[in-house]
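Colleague: This structure is in structure tokens; I'll ask about it shortly.
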Amino acid sequence: MSAIIDSRASDLVPARHEDLRLVTGQGKYTADWNLSGQLHAFVVRSDRAHARLVKVDTAAASAAAGVVAVLTAWDVAEAGFHEIPSGPPLVGTDGKPQAKRPLPVLATDRVRFVGQPIAMVIADTALAAQDAAELVEIDYEELPAVASLDAALAAGAPQLHDSHPGNVGLVFEAGNSAAVDAAFAKAARTTTLRVHSQRLIGAPMEPRACLATYDTAREHFTLYTPTQGVLGMRSSLAAVTGFDASRIEVVAQDVGGSFGLRGGPYPEHILVMLAARKLGRPVKWVGSRSEVFLSDWHGRALTLEASVALADDNTILAFRFEDQADLGAYTVYFQSMIGTKNITVTMGGVYRVPALYARSTLVFTNTVPVSAYRGAGRPDIAYVIERLMDQAAAEHGLDPVALRRRNFIPPSAFPYTTANGTVYDGGEFAAVMDKALKQADYAGFPARRAASEARGRLRGIGFGCYLEASGAGGAPKDMVSAHFRGDGLVHLYGVTGPSGQGHETSFAQIVSDGLGIPRELIRYHASDPATELMGNGTGGSRSLYGAGSAFKVLIGNLIARARPHAARALAHPEGTVEYRNGAFHAGEHHISLLDLAASLRGPTPHPLDCEGESVSGTTFPNGCHVAEVEIDPATGVTDVISYNAVDDLGFVVSPQLVQGQVHGGVLQGAGQVFGEHAIYDADTAQLLTGSFMDYVMPRVGWVPHIRTDYHLVPTKLNALGAKGVGESGCSGSLPALVNAMSDALRRAGVPPMDMPFTPAIVWKALRERR
């Protein structure tokens, strides 16, 4: 199936239903919400990476013009609020559950990273709050800090938490160490490669913000905030505040990006709720871009050492991984899962590997806590596996294509249980790779390389065959509903809200295709408080197949509910009535679904209102991405000459939306490969890349020629047959682009390098080899 533009809709209908609203300024993000009588907040943050709080004096700030209140840790304690939730429990190699160190809403006696909240100033205006924040006097007793994994693990390193000697938060293992050791002992050849997936800033387009109001009579909060899932956010807010979840309403109309950063609450969410209840007025906080850098959870920050054992015939005998994950200063949200379960569940990749073992060490540092960032470990494990395969081929004089082909899990082996117990339901990995290599004209590369070398340039080609496990979801099932309001439209409801993916379009398209009615007559509404539904938010590439499968079930339920009404309208026995192309047919007579709905208008609820639900677990999207690069040795500047992606996504609803998701993921991966890097000062643990002046973001022109195609193998793990696409661009682009860079640089004698491949770093590496 080729990546063509979806032409089923009329030329008068926008490609995405939400686009007209968004591009004409009618979108509504959190900062756009304003309530009568609202106050404004500003957060006072630590400017030290590690220190004891000797004194926090808010007297001058409290007396400043326009200031209504200043909140400190004392107010949080008085309210009985708890720390920020820190994710699902894990068990270490010692058999004991992980001892968490959750982030306090406001610092009490000690701060552990630059940007940690200490106080919140509330005033009549945002500027008054910001000005008064300058008057908060803080006396610190500065402590030595550690800003990296190596520094934190060094002998005699400063300790962040007394409860965690050596700054080790957890040691986790998966697989069979003895089996892997035995495989390496008999291996004909082995290769080991250590890579870093550097710390990144999430940088969503919409800075974090929140607005809270409290209804005293009902003892009920309403919180406006960007989030990936209102139900998950609501339950976490309830856990912190002690309020029942039914007394908290979360509103998120439009969300300007999330990437895993917005799955749960931050201190600011809790503080505006506390302030709104305490002061009896709405309280609003809008973060600055600088605060995004200093306080939004960071991403990646992994060190992965991978080894492969090969037999005489180059079949893989075992993979071994020794990994380290930088937690930052506290345990937060999804963080601990990334460097443990997420990077081990598919640690065999697309290959038949008889023995697998991984050991991960989670480490505290005096930096911003790390959590989910597009893929949450999945791109990282795909990256190190595919770099390892290329490195093994280079070290032992093997063909990288032949090495992969020999070791792919064949279609006949599915369902396939990996050596660590993960069950893959299906895939055609060799066919996917062959299609990608043909699309990239892999056979013609030697001639193109020769032409580049004649011009004094280095040219490389690389590819990555990734496989990832999509998010299983936290809710037991996904529920959706359809309602008829008498306006000639079908109104769909679910709890899955958008953050740029096009849910309003894709869910409407599923129902349009299933019912045979125009998409422009269908509206999707996310998280309407008037509808009590269960389900998952966005995350883990599961939105479409989770809620989409529920909509697939809803289509059948709606037709079944409408059929007896149609039979009466057509004066035919119900068994003779058929549904097709948007209408019920009986003999020569027919009535459209929408006309039938209009004829039944009156009772509440409408007779055709119905629900659909589906249970959808983990799926396994996979693909092969091929990148070709050219390097100017005189400057270190790299041009991505071509990029080809072939993905197995199971089922595609809208090729155009999928193409956008892949393009976005590829560019996000290119950002990490060629520039993005959150850097801390080694001595002070101050963030050195605290703005876009120092932190580079990817440009569209970095990967100008992206060709996408599909090799679809539908899954039976959900009703829709889809596998997910949101993270595939990152999972494919990291190994493809870095393997292409390595291929080019290897010919110049440059040893394996880590991301990012900035011009300066590439130029220096080439000079050092001369």
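Here, A, B, ... name the chains of the structure tokens in the order displayed, residue numbers run from 1 inside each chain, and ligands are numbered from 1 in the same displayed order.
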Tell me, which residues of region 183-264 of chain A carry DSSP alpha helix (DSSP H), written as a ChimeraX atom specification?
Modeller: /A:183-185,230-241
Colleague: Quick one: residues within 12 Å of Leu717 (chain A), only C-alpha atoms counted, chain neighbours fewer than 6 positions away excluded, as JSON, numbers by chain?
Modeller: {"A": [415, 423, 424, 425, 426, 470, 472, 542, 545, 546, 549, 614, 615, 616, 617, 618, 619, 620, 621, 650, 651, 723, 724]}
Colleague: Write out as a PyMOL selection string the residues lying within 9 Å of Ala382 (chain A), counting only C-alpha atoms and excluding same-chain residues fewer than 2 positions away.
Modeller: chain A and resi 343+346-347+349+377-380+384-387+464-468+731-732+734-735
Colleague: To one decimal in Å, tell me the separation between CA of Ala760 (chain A) and CA of Ala627 (chain A).
Modeller: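 Taking CA of Ala760 (chain A) as the start and CA of Ala627 (chain A) as the end point, the length is 21.2 Å.
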Colleague: So which residues touch Val345 (chain A) within 8 Å, counting only C-alpha atoms, skipping near sequence neighbours fewer than 3 positions away, as a list in words?
Modeller: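 Here the qualifying residues turn out to be Lys341, Asn342, Asn420, Thr422 and Ala469 of chain A.
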Colleague: Which one is closest to Gly612 (chain A): A:Leu356, A:Val480, A:Ala147, A:Ala15? Count only C-alpha atoms.
Modeller: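 Closest candidate: A:Val480.
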Colleague: Might you pull out every residue within 12 Å of Arg234 (chain A), with only C-alpha atoms counted and same-chain residues fewer than 2 positions away left off, and present them as a ChimeraX atom specification?
Modeller: /A:85,221-225,227-232,236-252,263-265,269-270,495,527,529,537
Colleague: Run DSSP on the backbone of this structure and report the residues of region 315-485 of chain A it assigns to strand (DSSP E or B), as a PyMOL selection string.
Modeller: chain A and resi 316-328+331+351+355-364+370+408+416-417+423-424+458-467+478-484
Colleague: Pick the closest to Leu200 (chain A) from A:Leu533, A:Met697, A:Ala128, A:Leu20: which is it, counting only C-alpha atoms?
Modeller: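 Of A:Leu533, A:Met697, A:Ala128, A:Leu20, the one nearest Leu200 (chain A) is A:Met697, counting only C-alpha atoms.
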Colleague: Find the spatial neighbours of Leu153 (chain A), counting only C-alpha atoms, within a cut-off of 12 Å - ignore same-chain residues fewer than 3 positions away - and output them as an mmCIF file with C-alpha atoms, in the first residue's frame.
Modeller:
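Writing the result to around.cif gives the following:
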```cif
data_model
loop_
_atom_site.group_PDB
_atom_site.id
_atom_site.type_symbol
_atom_site.label_atom_id
_atom_site.label_comp_id
_atom_site.auth_asym_id
_atom_site.auth_seq_id
_atom_site.Cartn_x
_atom_site.Cartn_y
_atom_site.Cartn_z
ATOM 1 C CA VAL A 146 26.527 15.193 40.321
ATOM 2 C CA ALA A 147 25.367 15.872 36.778
ATOM 3 C CA SER A 148 26.055 12.612 34.945
ATOM 4 C CA LEU A 149 25.804 8.858 35.306
ATOM 5 C CA ASP A 150 29.552 8.433 35.618
ATOM 6 C CA GLY A 156 32.749 8.764 47.042
ATOM 7 C CA ALA A 157 30.220 10.656 44.901
ATOM 8 C CA PRO A 158 27.862 13.113 46.653
ATOM 9 C CA GLN A 159 24.630 11.349 47.681
ATOM 10 C CA LEU A 160 21.247 12.677 46.591
ATOM 11 C CA HIS A 164 19.869 5.114 48.131
ATOM 12 C CA PRO A 165 23.590 4.481 48.693
ATOM 13 C CA GLY A 166 25.754 5.077 45.664
ATOM 14 C CA ASN A 167 22.871 6.988 44.024
ATOM 15 C CA VAL A 168 21.478 3.710 42.693
ATOM 16 C CA GLY A 169 17.696 3.752 42.509
ATOM 17 C CA GLN A 324 22.228 2.558 32.740
ATOM 18 C CA ALA A 325 19.338 5.001 33.005
ATOM 19 C CA ASP A 326 19.623 8.531 34.382
ATOM 20 C CA THR A 361 20.996 0.247 36.713
ATOM 21 C CA LEU A 362 18.798 3.252 37.487
ATOM 22 C CA VAL A 363 20.778 6.202 38.809
ATOM 23 C CA PHE A 364 19.919 9.471 40.577
ATOM 24 C CA THR A 365 21.627 12.686 39.427
#
```
Colleague: Listing only residues of region 266-317 of chain A within 9 Å of region 201-219 of chain A, what is the closest atom pair and its distance in Å (to one decimal) for each, using only C-alpha atoms, sorted by chain and residue number ascending, as JSON lines?
Modeller:
```
{"residue": "A:Glu268", "atom": "CA", "partner": "A:Cys210", "partner_atom": "CA", "distance": 7.4}
{"residue": "A:His269", "atom": "CA", "partner": "A:Cys210", "partner_atom": "CA", "distance": 6.2}
{"residue": "A:Val272", "atom": "CA", "partner": "A:Ala212", "partner_atom": "CA", "distance": 5.7}
{"residue": "A:Met273", "atom": "CA", "partner": "A:Ala212", "partner_atom": "CA", "distance": 5.4}
{"residue": "A:Leu274", "atom": "CA", "partner": "A:Ala212", "partner_atom": "CA", "distance": 8.8}
{"residue": "A:Ala275", "atom": "CA", "partner": "A:Ala212", "partner_atom": "CA", "distance": 8.4}
{"residue": "A:Ala276", "atom": "CA", "partner": "A:Thr213", "partner_atom": "CA", "distance": 5.5}
{"residue": "A:Arg277", "atom": "CA", "partner": "A:Tyr214", "partner_atom": "CA", "distance": 5.4}
{"residue": "A:Gly280", "atom": "CA", "partner": "A:Tyr214", "partner_atom": "CA", "distance": 6.8}
{"residue": "A:Arg281", "atom": "CA", "partner": "A:Thr213", "partner_atom": "CA", "distance": 6.5}
{"residue": "A:Pro282", "atom": "CA", "partner": "A:Thr213", "partner_atom": "CA", "distance": 4.3}
{"residue": "A:Val283", "atom": "CA", "partner": "A:Ala212", "partner_atom": "CA", "distance": 5.5}
{"residue": "A:Lys284", "atom": "CA", "partner": "A:Leu211", "partner_atom": "CA", "distance": 4.2}
{"residue": "A:Trp285", "atom": "CA", "partner": "A:Cys210", "partner_atom": "CA", "distance": 5.4}
{"residue": "A:Val286", "atom": "CA", "partner": "A:Ala209", "partner_atom": "CA", "distance": 4.3}
{"residue": "A:Gly287", "atom": "CA", "partner": "A:Arg208", "partner_atom": "CA", "distance": 5.5}
{"residue": "A:Ser288", "atom": "CA", "partner": "A:Pro207", "partner_atom": "CA", "distance": 6.6}
{"residue": "A:Arg289", "atom": "CA", "partner": "A:Pro207", "partner_atom": "CA", "distance": 6.3}
{"residue": "A:Glu291", "atom": "CA", "partner": "A:Pro207", "partner_atom": "CA", "distance": 8.5}
{"residue": "A:Val292", "atom": "CA", "partner": "A:Pro207", "partner_atom": "CA", "distance": 6.5}
{"residue": "A:Phe293", "atom": "CA", "partner": "A:Ile201", "partner_atom": "CA", "distance": 6.4}
{"residue": "A:Asp296", "atom": "CA", "partner": "A:Gly202", "partner_atom": "CA", "distance": 7.5}
{"residue": "A:Trp297", "atom": "CA", "partner": "A:Gly202", "partner_atom": "CA", "distance": 7.5}
{"residue": "A:His298", "atom": "CA", "partner": "A:Ile201", "partner_atom": "CA", "distance": 5.2}
{"residue": "A:Gly299", "atom": "CA", "partner": "A:Ile201", "partner_atom": "CA", "distance": 6.3}
```
Colleague: Which residues are close to Asp639 (chain A), i.e. within 10 Å by only C-alpha atoms, leaving aside same-chain residues fewer than 6 positions away? Reply as an NGL selection string.
Modeller: :A and (459 or 628-632 or 701-704)
Colleague: Those residues with all heavy atoms, as a tab-separated table (two decimals), in the first residue's frame please?
Modeller:
```tsv
chain	number	residue	atom	x	y	z
A	459	ARG	N	30.16	9.52	1.56
A	459	ARG	CA	28.76	9.12	1.41
A	459	ARG	C	28.54	7.81	2.15
A	459	ARG	O	29.38	6.91	2.11
A	459	ARG	CB	28.38	8.97	-0.06
A	459	ARG	CG	26.87	8.95	-0.33
A	459	ARG	CD	26.60	8.94	-1.82
A	459	ARG	NE	25.19	9.10	-2.13
A	459	ARG	CZ	24.67	10.14	-2.80
A	459	ARG	NH1	25.46	11.13	-3.18
A	459	ARG	NH2	23.39	10.19	-3.06
A	628	GLU	N	20.37	7.77	3.46
A	628	GLU	CA	21.60	7.98	2.71
A	628	GLU	C	22.09	9.40	2.99
A	628	GLU	O	21.31	10.35	2.88
A	628	GLU	CB	21.34	7.78	1.21
A	628	GLU	CG	22.59	7.61	0.39
A	628	GLU	CD	22.30	7.05	-1.00
A	628	GLU	OE1	21.32	6.27	-1.15
A	628	GLU	OE2	23.07	7.37	-1.92
A	629	VAL	N	23.35	9.52	3.38
A	629	VAL	CA	23.90	10.82	3.77
A	629	VAL	C	25.16	11.12	2.99
A	629	VAL	O	25.85	10.23	2.48
A	629	VAL	CB	24.20	10.87	5.28
A	629	VAL	CG1	22.96	10.59	6.10
A	629	VAL	CG2	25.32	9.90	5.65
A	630	GLU	N	25.47	12.42	2.92
A	630	GLU	CA	26.72	12.89	2.32
A	630	GLU	C	27.34	13.92	3.24
A	630	GLU	O	26.66	14.85	3.68
A	630	GLU	CB	26.47	13.47	0.93
A	630	GLU	CG	27.75	13.77	0.17
A	630	GLU	CD	27.46	14.31	-1.23
A	630	GLU	OE1	27.02	15.47	-1.33
A	630	GLU	OE2	27.69	13.56	-2.20
A	631	ILE	N	28.63	13.75	3.55
A	631	ILE	CA	29.34	14.61	4.49
A	631	ILE	C	30.40	15.41	3.74
A	631	ILE	O	31.16	14.85	2.93
A	631	ILE	CB	30.01	13.77	5.60
A	631	ILE	CG1	28.99	12.91	6.34
A	631	ILE	CG2	30.76	14.68	6.58
A	631	ILE	CD1	29.61	11.88	7.27
A	632	ASP	N	30.47	16.70	4.05
A	632	ASP	CA	31.54	17.54	3.54
A	632	ASP	C	32.68	17.51	4.56
A	632	ASP	O	32.55	18.10	5.64
A	632	ASP	CB	31.04	18.97	3.34
A	632	ASP	CG	32.12	19.89	2.77
A	632	ASP	OD1	33.29	19.47	2.66
A	632	ASP	OD2	31.79	21.05	2.44
A	701	GLY	N	14.23	21.19	6.64
A	701	GLY	CA	15.21	20.91	5.60
A	701	GLY	C	16.26	19.88	5.96
A	701	GLY	O	17.06	19.48	5.11
A	702	TRP	N	16.29	19.43	7.21
A	702	TRP	CA	17.28	18.43	7.60
A	702	TRP	C	17.07	17.10	6.89
A	702	TRP	O	18.02	16.39	6.60
A	702	TRP	CB	17.25	18.23	9.12
A	702	TRP	CG	17.91	19.31	9.90
A	702	TRP	CD1	18.28	20.55	9.45
A	702	TRP	CD2	18.31	19.24	11.27
A	702	TRP	NE1	18.86	21.27	10.45
A	702	TRP	CE2	18.90	20.50	11.59
A	702	TRP	CE3	18.21	18.29	12.27
A	702	TRP	CZ2	19.39	20.78	12.86
A	702	TRP	CZ3	18.70	18.57	13.53
A	702	TRP	CH2	19.30	19.81	13.83
A	703	VAL	N	15.82	16.73	6.68
A	703	VAL	CA	15.52	15.49	5.96
A	703	VAL	C	14.49	15.85	4.89
A	703	VAL	O	13.28	15.64	5.06
A	703	VAL	CB	14.97	14.39	6.90
A	703	VAL	CG1	14.88	13.06	6.16
A	703	VAL	CG2	15.86	14.22	8.14
A	704	PRO	N	14.95	16.40	3.78
A	704	PRO	CA	14.00	16.98	2.80
A	704	PRO	C	13.27	15.97	1.94
A	704	PRO	O	12.23	16.29	1.37
A	704	PRO	CB	14.91	17.87	1.95
A	704	PRO	CG	16.26	17.22	2.03
A	704	PRO	CD	16.35	16.63	3.42
```
Colleague: Between A:Ala550, A:Ala765, A:Leu657, A:Leu737, single out the one closest to Asn718 (chain A), counting only C-alpha atoms.
Modeller: A:Ala550
